[in-house]
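**Student:** Below is start.cif; it holds mmCIF, N, CA and C atoms.
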```cif
data_run
loop_
_atom_site.label_atom_id
_atom_site.label_comp_id
_atom_site.auth_asym_id
_atom_site.auth_seq_id
_atom_site.Cartn_x
_atom_site.Cartn_y
_atom_site.Cartn_z
N MET A 27 -139.02 -11.18 -176.91
CA MET A 27 -139.20 -11.46 -175.51
C MET A 27 -138.95 -12.93 -175.18
N ALA A 28 -139.54 -13.81 -175.98
CA ALA A 28 -139.39 -15.24 -175.69
C ALA A 28 -137.92 -15.67 -175.83
N GLY A 29 -137.20 -15.09 -176.80
CA GLY A 29 -135.79 -15.43 -176.98
C GLY A 29 -134.96 -15.06 -175.76
N GLU A 30 -135.22 -13.88 -175.23
CA GLU A 30 -134.51 -13.44 -174.03
C GLU A 30 -134.83 -14.33 -172.84
N ARG A 31 -136.06 -14.70 -172.69
CA ARG A 31 -136.48 -15.57 -171.59
C ARG A 31 -135.82 -16.94 -171.73
N ASP A 32 -135.75 -17.45 -172.95
CA ASP A 32 -135.10 -18.74 -173.18
C ASP A 32 -133.61 -18.68 -172.84
N ARG A 33 -132.97 -17.57 -173.22
CA ARG A 33 -131.54 -17.42 -172.90
C ARG A 33 -131.31 -17.38 -171.39
N ARG A 34 -132.16 -16.65 -170.69
CA ARG A 34 -132.03 -16.58 -169.23
C ARG A 34 -132.25 -17.94 -168.60
N ARG A 35 -133.22 -18.67 -169.10
CA ARG A 35 -133.50 -20.01 -168.57
C ARG A 35 -132.31 -20.94 -168.82
N ALA A 36 -131.75 -20.87 -170.01
CA ALA A 36 -130.60 -21.71 -170.34
C ALA A 36 -129.40 -21.34 -169.47
N TRP A 37 -129.19 -20.03 -169.24
CA TRP A 37 -128.09 -19.58 -168.39
C TRP A 37 -128.28 -20.11 -166.97
N ALA A 38 -129.49 -20.00 -166.45
CA ALA A 38 -129.78 -20.48 -165.08
C ALA A 38 -129.59 -21.99 -164.99
N PHE A 39 -130.00 -22.72 -166.02
CA PHE A 39 -129.83 -24.18 -166.03
C PHE A 39 -128.34 -24.53 -166.04
N GLY A 40 -127.56 -23.79 -166.83
CA GLY A 40 -126.12 -24.03 -166.87
C GLY A 40 -125.44 -23.72 -165.55
N LEU A 41 -125.84 -22.64 -164.92
CA LEU A 41 -125.28 -22.28 -163.62
C LEU A 41 -125.62 -23.33 -162.56
N ALA A 42 -126.86 -23.81 -162.58
CA ALA A 42 -127.26 -24.87 -161.64
C ALA A 42 -126.46 -26.15 -161.90
N ALA A 43 -126.20 -26.45 -163.17
CA ALA A 43 -125.41 -27.64 -163.52
C ALA A 43 -123.98 -27.50 -163.00
N GLU A 44 -123.39 -26.31 -163.13
CA GLU A 44 -122.04 -26.09 -162.63
C GLU A 44 -122.00 -26.23 -161.11
N THR A 45 -123.02 -25.73 -160.45
CA THR A 45 -123.09 -25.86 -158.99
C THR A 45 -123.19 -27.32 -158.58
N ALA A 46 -124.04 -28.08 -159.27
CA ALA A 46 -124.18 -29.51 -158.98
C ALA A 46 -122.87 -30.24 -159.24
N ALA A 47 -122.19 -29.89 -160.34
CA ALA A 47 -120.92 -30.53 -160.66
C ALA A 47 -119.86 -30.21 -159.61
N ALA A 48 -119.81 -28.96 -159.15
CA ALA A 48 -118.85 -28.58 -158.11
C ALA A 48 -119.11 -29.34 -156.82
N MET A 49 -120.36 -29.43 -156.43
CA MET A 49 -120.71 -30.18 -155.22
C MET A 49 -120.33 -31.65 -155.36
N PHE A 50 -120.58 -32.22 -156.53
CA PHE A 50 -120.25 -33.62 -156.79
C PHE A 50 -118.74 -33.84 -156.67
N LEU A 51 -117.94 -32.93 -157.24
CA LEU A 51 -116.49 -33.06 -157.13
C LEU A 51 -116.03 -32.95 -155.68
N ARG A 52 -116.64 -32.04 -154.93
CA ARG A 52 -116.29 -31.92 -153.50
C ARG A 52 -116.56 -33.22 -152.77
N LEU A 53 -117.68 -33.85 -153.07
CA LEU A 53 -118.01 -35.13 -152.43
C LEU A 53 -116.99 -36.21 -152.78
N LYS A 54 -116.35 -36.07 -153.93
CA LYS A 54 -115.34 -37.03 -154.36
C LYS A 54 -113.94 -36.67 -153.84
N GLY A 55 -113.86 -35.62 -153.03
CA GLY A 55 -112.58 -35.26 -152.42
C GLY A 55 -111.79 -34.19 -153.14
N TYR A 56 -112.38 -33.53 -154.10
CA TYR A 56 -111.69 -32.44 -154.81
C TYR A 56 -111.93 -31.12 -154.08
N ARG A 57 -110.98 -30.22 -154.21
CA ARG A 57 -111.14 -28.86 -153.71
C ARG A 57 -111.33 -27.97 -154.93
N ILE A 58 -112.37 -27.17 -154.94
CA ILE A 58 -112.64 -26.29 -156.07
C ILE A 58 -111.70 -25.09 -155.94
N VAL A 59 -110.86 -24.91 -156.94
CA VAL A 59 -109.89 -23.82 -156.97
C VAL A 59 -110.55 -22.56 -157.53
N GLU A 60 -111.35 -22.75 -158.57
CA GLU A 60 -112.00 -21.61 -159.21
C GLU A 60 -113.18 -22.09 -160.05
N ARG A 61 -114.19 -21.23 -160.12
CA ARG A 61 -115.34 -21.48 -160.99
C ARG A 61 -115.39 -20.39 -162.04
N ARG A 62 -115.78 -20.79 -163.24
CA ARG A 62 -115.95 -19.86 -164.34
C ARG A 62 -114.72 -18.99 -164.56
N HIS A 63 -113.58 -19.63 -164.64
CA HIS A 63 -112.32 -18.91 -164.88
C HIS A 63 -112.31 -18.40 -166.32
N ARG A 64 -112.03 -17.12 -166.46
CA ARG A 64 -111.93 -16.52 -167.79
C ARG A 64 -110.60 -15.82 -167.94
N ASN A 65 -110.04 -15.96 -169.13
CA ASN A 65 -108.87 -15.18 -169.51
C ASN A 65 -108.99 -14.95 -171.01
N PRO A 66 -108.08 -14.19 -171.61
CA PRO A 66 -108.24 -13.88 -173.04
C PRO A 66 -108.32 -15.09 -173.96
N ARG A 67 -107.87 -16.23 -173.50
CA ARG A 67 -107.85 -17.42 -174.35
C ARG A 67 -109.10 -18.27 -174.25
N GLY A 68 -109.94 -18.04 -173.22
CA GLY A 68 -111.16 -18.83 -173.10
C GLY A 68 -111.69 -18.87 -171.69
N GLU A 69 -112.61 -19.81 -171.47
CA GLU A 69 -113.25 -19.97 -170.17
C GLU A 69 -113.22 -21.43 -169.76
N ILE A 70 -113.05 -21.64 -168.45
CA ILE A 70 -113.08 -22.98 -167.88
C ILE A 70 -114.18 -22.99 -166.83
N ASP A 71 -115.07 -23.97 -166.92
CA ASP A 71 -116.19 -24.02 -165.98
C ASP A 71 -115.72 -24.24 -164.54
N LEU A 72 -114.90 -25.26 -164.33
CA LEU A 72 -114.42 -25.57 -162.98
C LEU A 72 -112.94 -25.93 -163.03
N ILE A 73 -112.20 -25.42 -162.05
CA ILE A 73 -110.82 -25.85 -161.85
C ILE A 73 -110.79 -26.44 -160.45
N ALA A 74 -110.34 -27.68 -160.37
CA ALA A 74 -110.35 -28.39 -159.09
C ALA A 74 -109.00 -29.05 -158.87
N ARG A 75 -108.77 -29.38 -157.61
CA ARG A 75 -107.51 -30.04 -157.26
C ARG A 75 -107.80 -31.16 -156.27
N ARG A 76 -107.14 -32.27 -156.50
CA ARG A 76 -107.15 -33.37 -155.53
C ARG A 76 -105.76 -33.94 -155.50
N GLY A 77 -105.13 -33.85 -154.33
CA GLY A 77 -103.75 -34.30 -154.24
C GLY A 77 -102.87 -33.46 -155.14
N ASN A 78 -102.12 -34.13 -155.98
CA ASN A 78 -101.20 -33.46 -156.89
C ASN A 78 -101.78 -33.30 -158.29
N THR A 79 -103.09 -33.48 -158.42
CA THR A 79 -103.73 -33.39 -159.73
C THR A 79 -104.58 -32.13 -159.83
N LEU A 80 -104.34 -31.37 -160.87
CA LEU A 80 -105.13 -30.18 -161.17
C LEU A 80 -106.05 -30.52 -162.33
N VAL A 81 -107.34 -30.31 -162.12
CA VAL A 81 -108.36 -30.71 -163.10
C VAL A 81 -109.02 -29.48 -163.69
N PHE A 82 -109.07 -29.43 -165.00
CA PHE A 82 -109.83 -28.42 -165.73
C PHE A 82 -111.07 -29.14 -166.24
N ALA A 83 -112.22 -28.77 -165.72
CA ALA A 83 -113.44 -29.52 -166.01
C ALA A 83 -114.43 -28.69 -166.83
N GLU A 84 -114.94 -29.29 -167.86
CA GLU A 84 -116.03 -28.71 -168.65
C GLU A 84 -117.32 -29.36 -168.18
N VAL A 85 -118.31 -28.54 -167.90
CA VAL A 85 -119.61 -29.03 -167.45
C VAL A 85 -120.59 -28.87 -168.60
N LYS A 86 -121.27 -29.95 -168.93
CA LYS A 86 -122.30 -29.91 -169.98
C LYS A 86 -123.61 -30.37 -169.40
N ALA A 87 -124.62 -29.53 -169.53
CA ALA A 87 -125.96 -29.85 -169.04
C ALA A 87 -126.86 -30.09 -170.24
N ARG A 88 -127.36 -31.29 -170.32
CA ARG A 88 -128.26 -31.65 -171.42
C ARG A 88 -129.33 -32.59 -170.87
N ALA A 89 -130.41 -32.68 -171.57
CA ALA A 89 -131.50 -33.57 -171.13
C ALA A 89 -131.04 -35.02 -171.13
N GLU A 90 -130.19 -35.38 -172.07
CA GLU A 90 -129.67 -36.75 -172.16
C GLU A 90 -128.17 -36.74 -171.95
N GLU A 91 -127.69 -37.67 -171.17
CA GLU A 91 -126.27 -37.75 -170.86
C GLU A 91 -125.40 -37.90 -172.11
N GLU A 92 -125.85 -38.69 -173.06
CA GLU A 92 -125.06 -38.94 -174.26
C GLU A 92 -124.85 -37.67 -175.06
N THR A 93 -125.87 -36.81 -175.13
CA THR A 93 -125.70 -35.56 -175.88
C THR A 93 -124.79 -34.60 -175.13
N ALA A 94 -124.75 -34.68 -173.81
CA ALA A 94 -123.84 -33.84 -173.04
C ALA A 94 -122.39 -34.23 -173.34
N VAL A 95 -122.13 -35.52 -173.40
CA VAL A 95 -120.78 -35.99 -173.69
C VAL A 95 -120.35 -35.59 -175.09
N ALA A 96 -121.26 -35.70 -176.04
CA ALA A 96 -120.94 -35.37 -177.43
C ALA A 96 -120.85 -33.87 -177.68
N ALA A 97 -121.29 -33.06 -176.73
CA ALA A 97 -121.36 -31.61 -176.95
C ALA A 97 -120.02 -30.89 -176.86
N VAL A 98 -118.99 -31.55 -176.39
CA VAL A 98 -117.68 -30.91 -176.32
C VAL A 98 -116.97 -31.12 -177.65
N THR A 99 -116.96 -30.07 -178.45
CA THR A 99 -116.39 -30.14 -179.79
C THR A 99 -114.88 -29.95 -179.76
N PRO A 100 -114.19 -30.34 -180.81
CA PRO A 100 -112.74 -30.09 -180.86
C PRO A 100 -112.40 -28.60 -180.69
N ARG A 101 -113.22 -27.73 -181.21
CA ARG A 101 -112.99 -26.29 -181.06
C ARG A 101 -113.09 -25.88 -179.58
N GLN A 102 -114.09 -26.40 -178.88
CA GLN A 102 -114.23 -26.11 -177.45
C GLN A 102 -113.05 -26.66 -176.67
N ARG A 103 -112.61 -27.83 -177.04
CA ARG A 103 -111.45 -28.42 -176.36
C ARG A 103 -110.23 -27.52 -176.50
N ARG A 104 -109.98 -27.02 -177.70
CA ARG A 104 -108.83 -26.13 -177.91
C ARG A 104 -108.97 -24.85 -177.09
N ARG A 105 -110.19 -24.32 -177.00
CA ARG A 105 -110.45 -23.10 -176.21
C ARG A 105 -110.15 -23.36 -174.74
N ILE A 106 -110.62 -24.48 -174.23
CA ILE A 106 -110.40 -24.84 -172.82
C ILE A 106 -108.91 -25.07 -172.58
N GLU A 107 -108.24 -25.75 -173.49
CA GLU A 107 -106.80 -25.99 -173.36
C GLU A 107 -106.03 -24.67 -173.33
N GLY A 108 -106.42 -23.72 -174.18
CA GLY A 108 -105.78 -22.40 -174.20
C GLY A 108 -105.99 -21.66 -172.89
N ALA A 109 -107.23 -21.71 -172.38
CA ALA A 109 -107.53 -21.06 -171.10
C ALA A 109 -106.73 -21.72 -169.98
N ALA A 110 -106.58 -23.03 -170.03
CA ALA A 110 -105.80 -23.75 -169.02
C ALA A 110 -104.33 -23.33 -169.08
N ALA A 111 -103.80 -23.20 -170.29
CA ALA A 111 -102.41 -22.76 -170.44
C ALA A 111 -102.23 -21.36 -169.85
N GLY A 112 -103.20 -20.48 -170.08
CA GLY A 112 -103.14 -19.14 -169.50
C GLY A 112 -103.20 -19.18 -167.99
N PHE A 113 -104.05 -20.03 -167.45
CA PHE A 113 -104.16 -20.18 -166.00
C PHE A 113 -102.83 -20.67 -165.41
N LEU A 114 -102.27 -21.72 -166.02
CA LEU A 114 -101.03 -22.30 -165.51
C LEU A 114 -99.86 -21.31 -165.59
N ALA A 115 -99.86 -20.45 -166.62
CA ALA A 115 -98.77 -19.48 -166.78
C ALA A 115 -98.79 -18.42 -165.69
N ARG A 116 -99.94 -18.17 -165.09
CA ARG A 116 -100.07 -17.11 -164.09
C ARG A 116 -100.11 -17.63 -162.65
N ARG A 117 -100.03 -18.92 -162.47
CA ARG A 117 -100.13 -19.50 -161.12
C ARG A 117 -98.87 -20.25 -160.77
N ASN A 118 -98.63 -20.40 -159.50
CA ASN A 118 -97.51 -21.21 -159.02
C ASN A 118 -97.97 -22.65 -158.89
N VAL A 119 -97.91 -23.36 -159.97
CA VAL A 119 -98.30 -24.77 -159.98
C VAL A 119 -97.02 -25.58 -159.90
N PRO A 120 -96.93 -26.52 -158.94
CA PRO A 120 -95.72 -27.34 -158.84
C PRO A 120 -95.40 -28.02 -160.17
N PRO A 121 -94.13 -28.08 -160.53
CA PRO A 121 -93.77 -28.66 -161.82
C PRO A 121 -94.14 -30.14 -161.95
N ASP A 122 -94.29 -30.84 -160.82
CA ASP A 122 -94.64 -32.25 -160.89
C ASP A 122 -96.16 -32.48 -160.81
N ALA A 123 -96.94 -31.41 -160.83
CA ALA A 123 -98.40 -31.56 -160.76
C ALA A 123 -98.93 -32.19 -162.04
N ALA A 124 -99.86 -33.09 -161.87
CA ALA A 124 -100.53 -33.69 -163.03
C ALA A 124 -101.66 -32.76 -163.44
N VAL A 125 -101.83 -32.59 -164.74
CA VAL A 125 -102.90 -31.76 -165.28
C VAL A 125 -103.82 -32.65 -166.09
N ARG A 126 -105.11 -32.46 -165.88
CA ARG A 126 -106.08 -33.35 -166.53
C ARG A 126 -107.28 -32.52 -167.01
N PHE A 127 -107.89 -32.98 -168.10
CA PHE A 127 -109.10 -32.37 -168.63
C PHE A 127 -110.25 -33.35 -168.46
N ASP A 128 -111.22 -32.97 -167.65
CA ASP A 128 -112.36 -33.82 -167.34
C ASP A 128 -113.64 -33.24 -167.92
N LEU A 129 -114.63 -34.08 -168.02
CA LEU A 129 -115.97 -33.67 -168.45
C LEU A 129 -116.94 -34.11 -167.37
N ILE A 130 -117.88 -33.24 -167.05
CA ILE A 130 -118.94 -33.60 -166.11
C ILE A 130 -120.26 -33.37 -166.82
N ALA A 131 -120.97 -34.46 -167.07
CA ALA A 131 -122.26 -34.41 -167.76
C ALA A 131 -123.37 -34.36 -166.70
N VAL A 132 -124.21 -33.34 -166.81
CA VAL A 132 -125.30 -33.17 -165.86
C VAL A 132 -126.62 -33.30 -166.59
N SER A 133 -127.43 -34.22 -166.13
CA SER A 133 -128.76 -34.45 -166.70
C SER A 133 -129.78 -34.38 -165.58
N PRO A 134 -130.98 -33.91 -165.89
CA PRO A 134 -132.00 -33.80 -164.84
C PRO A 134 -132.30 -35.14 -164.18
N TRP A 135 -132.47 -35.10 -162.87
CA TRP A 135 -132.88 -36.24 -162.05
C TRP A 135 -131.88 -37.37 -162.03
N ARG A 136 -130.61 -37.08 -162.35
CA ARG A 136 -129.56 -38.08 -162.29
C ARG A 136 -128.35 -37.48 -161.62
N LEU A 137 -127.53 -38.32 -161.02
CA LEU A 137 -126.26 -37.84 -160.49
C LEU A 137 -125.38 -37.40 -161.66
N PRO A 138 -124.56 -36.38 -161.44
CA PRO A 138 -123.63 -35.99 -162.52
C PRO A 138 -122.71 -37.17 -162.87
N ARG A 139 -122.33 -37.21 -164.11
CA ARG A 139 -121.40 -38.25 -164.57
C ARG A 139 -120.04 -37.59 -164.78
N HIS A 140 -119.08 -38.00 -163.99
CA HIS A 140 -117.73 -37.45 -164.05
C HIS A 140 -116.88 -38.35 -164.93
N ILE A 141 -116.32 -37.77 -165.98
CA ILE A 141 -115.46 -38.53 -166.89
C ILE A 141 -114.05 -37.97 -166.76
N PRO A 142 -113.23 -38.60 -165.91
CA PRO A 142 -111.85 -38.12 -165.75
C PRO A 142 -111.05 -38.35 -167.04
N ASP A 143 -110.13 -37.42 -167.29
CA ASP A 143 -109.24 -37.54 -168.47
C ASP A 143 -110.06 -37.74 -169.74
N ALA A 144 -111.09 -36.91 -169.91
CA ALA A 144 -112.01 -37.04 -171.05
C ALA A 144 -111.31 -36.82 -172.38
N TRP A 145 -110.27 -35.99 -172.37
CA TRP A 145 -109.47 -35.80 -173.58
C TRP A 145 -108.10 -35.33 -173.17
N ARG A 146 -107.18 -35.45 -174.12
CA ARG A 146 -105.82 -34.98 -173.91
C ARG A 146 -105.49 -33.97 -174.99
N PRO A 147 -104.79 -32.91 -174.62
CA PRO A 147 -104.46 -31.89 -175.63
C PRO A 147 -103.62 -32.47 -176.75
N GLU A 148 -103.85 -31.93 -177.93
CA GLU A 148 -103.02 -32.34 -179.07
C GLU A 148 -101.69 -31.63 -178.96
N SER A 149 -100.63 -32.34 -179.22
CA SER A 149 -99.29 -31.75 -179.08
C SER A 149 -98.94 -30.89 -180.26
#
```
Using the file provided, produce a representation of the structure as structure tokens.

**Tutor:**
Amino acid sequence: MAGERDRRRAWAFGLAAETAAAMFLRLKGYRIVERRHRNPRGEIDLIARRGNTLVFAEVKARAEEETAVAAVTPRQRRRIEGAAAGFLARRNVPPDAAVRFDLIAVSPWRLPRHIPDAWRPES
């Protein structure tokens, strides 16, 4: 019982973090294209656009900002990159559009920390 309750609490905390991150990006002038995008290659928390830049954002909610930043592992990065490739293959994205991978760290009682261009895919 306690395990199930903990999972539900963690899920709700993650969903609230994604909502806070989406609102924060909107305040910065981004338009949210999609939330929780899933395809066979993976999941992307937020896809946003500002101008000619398409952003694939991973949201990490942790008690401490530093642990949120460190929580994106190389394996997760590859999964997000694969999901982004799947998204781009199925959408009409202008060929000159810039694509970026961002991280948004959400910690209690603090503004989200947006880290643009947090990583670049390995070629």

**Student:** Would you translate the PyMOL selection byres (((chain A and resi 48-62 and name CA) around 10) and name CA) into the concrete set of residues it matches in this file, as a PDB file with N, CA and C atoms, keeping the file's coordinate frame?

**Tutor:**
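Written output follows (expr-v1.pdb):
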```pdb
ATOM      1  N   LEU A  41    -125.840 -22.640-164.920  1.00  0.00           N
ATOM      2  CA  LEU A  41    -125.280 -22.280-163.620  1.00  0.00           C
ATOM      3  C   LEU A  41    -125.620 -23.330-162.560  1.00  0.00           C
ATOM      4  N   ALA A  42    -126.860 -23.810-162.580  1.00  0.00           N
ATOM      5  CA  ALA A  42    -127.260 -24.870-161.640  1.00  0.00           C
ATOM      6  C   ALA A  42    -126.460 -26.150-161.900  1.00  0.00           C
ATOM      7  N   ALA A  43    -126.200 -26.450-163.170  1.00  0.00           N
ATOM      8  CA  ALA A  43    -125.410 -27.640-163.520  1.00  0.00           C
ATOM      9  C   ALA A  43    -123.980 -27.500-163.000  1.00  0.00           C
ATOM     10  N   GLU A  44    -123.390 -26.310-163.130  1.00  0.00           N
ATOM     11  CA  GLU A  44    -122.040 -26.090-162.630  1.00  0.00           C
ATOM     12  C   GLU A  44    -122.000 -26.230-161.110  1.00  0.00           C
ATOM     13  N   THR A  45    -123.020 -25.730-160.450  1.00  0.00           N
ATOM     14  CA  THR A  45    -123.090 -25.860-158.990  1.00  0.00           C
ATOM     15  C   THR A  45    -123.190 -27.320-158.580  1.00  0.00           C
ATOM     16  N   ALA A  46    -124.040 -28.080-159.270  1.00  0.00           N
ATOM     17  CA  ALA A  46    -124.180 -29.510-158.980  1.00  0.00           C
ATOM     18  C   ALA A  46    -122.870 -30.240-159.240  1.00  0.00           C
ATOM     19  N   ALA A  47    -122.190 -29.890-160.340  1.00  0.00           N
ATOM     20  CA  ALA A  47    -120.920 -30.530-160.660  1.00  0.00           C
ATOM     21  C   ALA A  47    -119.860 -30.210-159.610  1.00  0.00           C
ATOM     22  N   HIS A  63    -113.580 -19.630-164.640  1.00  0.00           N
ATOM     23  CA  HIS A  63    -112.320 -18.910-164.880  1.00  0.00           C
ATOM     24  C   HIS A  63    -112.310 -18.400-166.320  1.00  0.00           C
ATOM     25  N   ARG A  64    -112.030 -17.120-166.460  1.00  0.00           N
ATOM     26  CA  ARG A  64    -111.930 -16.520-167.790  1.00  0.00           C
ATOM     27  C   ARG A  64    -110.600 -15.820-167.940  1.00  0.00           C
ATOM     28  N   ASN A  65    -110.040 -15.960-169.130  1.00  0.00           N
ATOM     29  CA  ASN A  65    -108.870 -15.180-169.510  1.00  0.00           C
ATOM     30  C   ASN A  65    -108.990 -14.950-171.010  1.00  0.00           C
ATOM     31  N   GLU A  69    -112.610 -19.810-171.470  1.00  0.00           N
ATOM     32  CA  GLU A  69    -113.250 -19.970-170.170  1.00  0.00           C
ATOM     33  C   GLU A  69    -113.220 -21.430-169.760  1.00  0.00           C
ATOM     34  N   ILE A  70    -113.050 -21.640-168.450  1.00  0.00           N
ATOM     35  CA  ILE A  70    -113.080 -22.980-167.880  1.00  0.00           C
ATOM     36  C   ILE A  70    -114.180 -22.990-166.830  1.00  0.00           C
ATOM     37  N   ASP A  71    -115.070 -23.970-166.920  1.00  0.00           N
ATOM     38  CA  ASP A  71    -116.190 -24.020-165.980  1.00  0.00           C
ATOM     39  C   ASP A  71    -115.720 -24.240-164.540  1.00  0.00           C
ATOM     40  N   LEU A  72    -114.900 -25.260-164.330  1.00  0.00           N
ATOM     41  CA  LEU A  72    -114.420 -25.570-162.980  1.00  0.00           C
ATOM     42  C   LEU A  72    -112.940 -25.930-163.030  1.00  0.00           C
ATOM     43  N   ILE A  73    -112.200 -25.420-162.050  1.00  0.00           N
ATOM     44  CA  ILE A  73    -110.820 -25.850-161.850  1.00  0.00           C
ATOM     45  C   ILE A  73    -110.790 -26.440-160.450  1.00  0.00           C
ATOM     46  N   ALA A  74    -110.340 -27.680-160.370  1.00  0.00           N
ATOM     47  CA  ALA A  74    -110.350 -28.390-159.090  1.00  0.00           C
ATOM     48  C   ALA A  74    -109.000 -29.050-158.870  1.00  0.00           C
ATOM     49  N   ARG A  75    -108.770 -29.380-157.610  1.00  0.00           N
ATOM     50  CA  ARG A  75    -107.510 -30.040-157.260  1.00  0.00           C
ATOM     51  C   ARG A  75    -107.800 -31.160-156.270  1.00  0.00           C
ATOM     52  N   ARG A  76    -107.140 -32.270-156.500  1.00  0.00           N
ATOM     53  CA  ARG A  76    -107.150 -33.370-155.530  1.00  0.00           C
ATOM     54  C   ARG A  76    -105.760 -33.940-155.500  1.00  0.00           C
ATOM     55  N   GLY A  77    -105.130 -33.850-154.330  1.00  0.00           N
ATOM     56  CA  GLY A  77    -103.750 -34.300-154.240  1.00  0.00           C
ATOM     57  C   GLY A  77    -102.870 -33.460-155.140  1.00  0.00           C
ATOM     58  N   THR A  79    -103.090 -33.480-158.420  1.00  0.00           N
ATOM     59  CA  THR A  79    -103.730 -33.390-159.730  1.00  0.00           C
ATOM     60  C   THR A  79    -104.580 -32.130-159.830  1.00  0.00           C
ATOM     61  N   LEU A  80    -104.340 -31.370-160.870  1.00  0.00           N
ATOM     62  CA  LEU A  80    -105.130 -30.180-161.170  1.00  0.00           C
ATOM     63  C   LEU A  80    -106.050 -30.520-162.330  1.00  0.00           C
ATOM     64  N   VAL A  81    -107.340 -30.310-162.120  1.00  0.00           N
ATOM     65  CA  VAL A  81    -108.360 -30.710-163.100  1.00  0.00           C
ATOM     66  C   VAL A  81    -109.020 -29.480-163.690  1.00  0.00           C
ATOM     67  N   PHE A  82    -109.070 -29.430-165.000  1.00  0.00           N
ATOM     68  CA  PHE A  82    -109.830 -28.420-165.730  1.00  0.00           C
ATOM     69  C   PHE A  82    -111.070 -29.140-166.240  1.00  0.00           C
ATOM     70  N   ALA A  83    -112.220 -28.770-165.720  1.00  0.00           N
ATOM     71  CA  ALA A  83    -113.440 -29.520-166.010  1.00  0.00           C
ATOM     72  C   ALA A  83    -114.430 -28.690-166.830  1.00  0.00           C
ATOM     73  N   GLU A  84    -114.940 -29.290-167.860  1.00  0.00           N
ATOM     74  CA  GLU A  84    -116.030 -28.710-168.650  1.00  0.00           C
ATOM     75  C   GLU A  84    -117.320 -29.360-168.180  1.00  0.00           C
ATOM     76  N   VAL A  85    -118.310 -28.540-167.900  1.00  0.00           N
ATOM     77  CA  VAL A  85    -119.610 -29.030-167.450  1.00  0.00           C
ATOM     78  C   VAL A  85    -120.590 -28.870-168.600  1.00  0.00           C
ATOM     79  N   ILE A 130    -117.880 -33.240-167.050  1.00  0.00           N
ATOM     80  CA  ILE A 130    -118.940 -33.600-166.110  1.00  0.00           C
ATOM     81  C   ILE A 130    -120.260 -33.370-166.820  1.00  0.00           C
ATOM     82  N   LEU A 137    -127.530 -38.320-161.020  1.00  0.00           N
ATOM     83  CA  LEU A 137    -126.260 -37.840-160.490  1.00  0.00           C
ATOM     84  C   LEU A 137    -125.380 -37.400-161.660  1.00  0.00           C
ATOM     85  N   PRO A 138    -124.560 -36.380-161.440  1.00  0.00           N
ATOM     86  CA  PRO A 138    -123.630 -35.990-162.520  1.00  0.00           C
ATOM     87  C   PRO A 138    -122.710 -37.170-162.870  1.00  0.00           C
ATOM     88  N   ARG A 139    -122.330 -37.210-164.110  1.00  0.00           N
ATOM     89  CA  ARG A 139    -121.400 -38.250-164.570  1.00  0.00           C
ATOM     90  C   ARG A 139    -120.040 -37.590-164.780  1.00  0.00           C
ATOM     91  N   HIS A 140    -119.080 -38.000-163.990  1.00  0.00           N
ATOM     92  CA  HIS A 140    -117.730 -37.450-164.050  1.00  0.00           C
ATOM     93  C   HIS A 140    -116.880 -38.350-164.930  1.00  0.00           C
TER      94      HIS A 140
END
```

**Student:** How many Å lie between atom CA of A:Pro147 and atom C of A:Gly40, rounded to one decimal?

**Tutor:** 24.7 Å

**Student:** Tell me which residues come within 12 Å of (-124.9, -30.4, -177.0), as number ranges by chain, counting only C-alpha atoms in the file's coordinates.

**Tutor:** A: 85-99, 102, 131-133

**Student:** Taking all atoms of stretch 34-52 of chain A that the file lists, what box with edges along x, y and z, padded by 4 Å per side, do you get, with centre and edge lengths in Å to one decimal, as JSON?

**Tutor:**
```
{"center_x": -124.8, "center_y": -25.2, "center_z": -161.7, "size_x": 25.5, "size_y": 25.3, "size_z": 25.9}
```

**Student:** Tell me, in Å to one decimal, how far atom CA of A:Asn78 is from atom CA of A:Val125.

**Tutor:**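 Taking atom CA of A:Asn78 as the start and atom CA of A:Val125 as the end point, the length is 8.7 Å.
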
**Student:** So how many Å separate atom C of A:Phe127 and atom C of A:Arg35, to one decimal?

**Tutor:**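 Between these atoms lies a distance of 25.3 Å.
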
**Student:** DSSP says strand (DSSP E or B) for which residues of chain A? Put them as a ChimeraX atom specification?

**Tutor:** /A:57-65,68-76,79-87,124-132,139-145

**Student:** Apply DSSP to the structure's backbone, then extract all residues of chain A labelled alpha helix (DSSP H) and return them as a PyMOL selection string.

**Tutor:** chain A and resi 28-53+91-96+100-116

**Student:** Any idea what's packed within 10 Å of A:Arg104, counting only C-alpha atoms, ignoring anything in its chain fewer than 5 positions away? Could you give it as a short mmCIF file (atom, residue, chain, number, x, y, z; two decimals) with N, CA and C atoms, in the frame of the given file?

**Tutor:**
```
data_model
loop_
_atom_site.label_atom_id
_atom_site.label_comp_id
_atom_site.auth_asym_id
_atom_site.auth_seq_id
_atom_site.Cartn_x
_atom_site.Cartn_y
_atom_site.Cartn_z
N ARG A 67 -107.87 -16.23 -173.50
CA ARG A 67 -107.85 -17.42 -174.35
C ARG A 67 -109.10 -18.27 -174.25
N GLY A 68 -109.94 -18.04 -173.22
CA GLY A 68 -111.16 -18.83 -173.10
C GLY A 68 -111.69 -18.87 -171.69
N THR A 99 -116.96 -30.07 -178.45
CA THR A 99 -116.39 -30.14 -179.79
C THR A 99 -114.88 -29.95 -179.76
N ALA A 109 -107.23 -21.71 -172.38
CA ALA A 109 -107.53 -21.06 -171.10
C ALA A 109 -106.73 -21.72 -169.98
N ALA A 110 -106.58 -23.03 -170.03
CA ALA A 110 -105.80 -23.75 -169.02
C ALA A 110 -104.33 -23.33 -169.08
N PRO A 147 -104.79 -32.91 -174.62
CA PRO A 147 -104.46 -31.89 -175.63
C PRO A 147 -103.62 -32.47 -176.75
N GLU A 148 -103.85 -31.93 -177.93
CA GLU A 148 -103.02 -32.34 -179.07
C GLU A 148 -101.69 -31.63 -178.96
#
```

**Student:** The PyMOL selection byres ((chain A and resi 143) around 5) - which residues does that actually catch in the file I just gave you? List them as a PyMOL selection string.

**Tutor:** chain A and resi 127-128+141-142+144-145
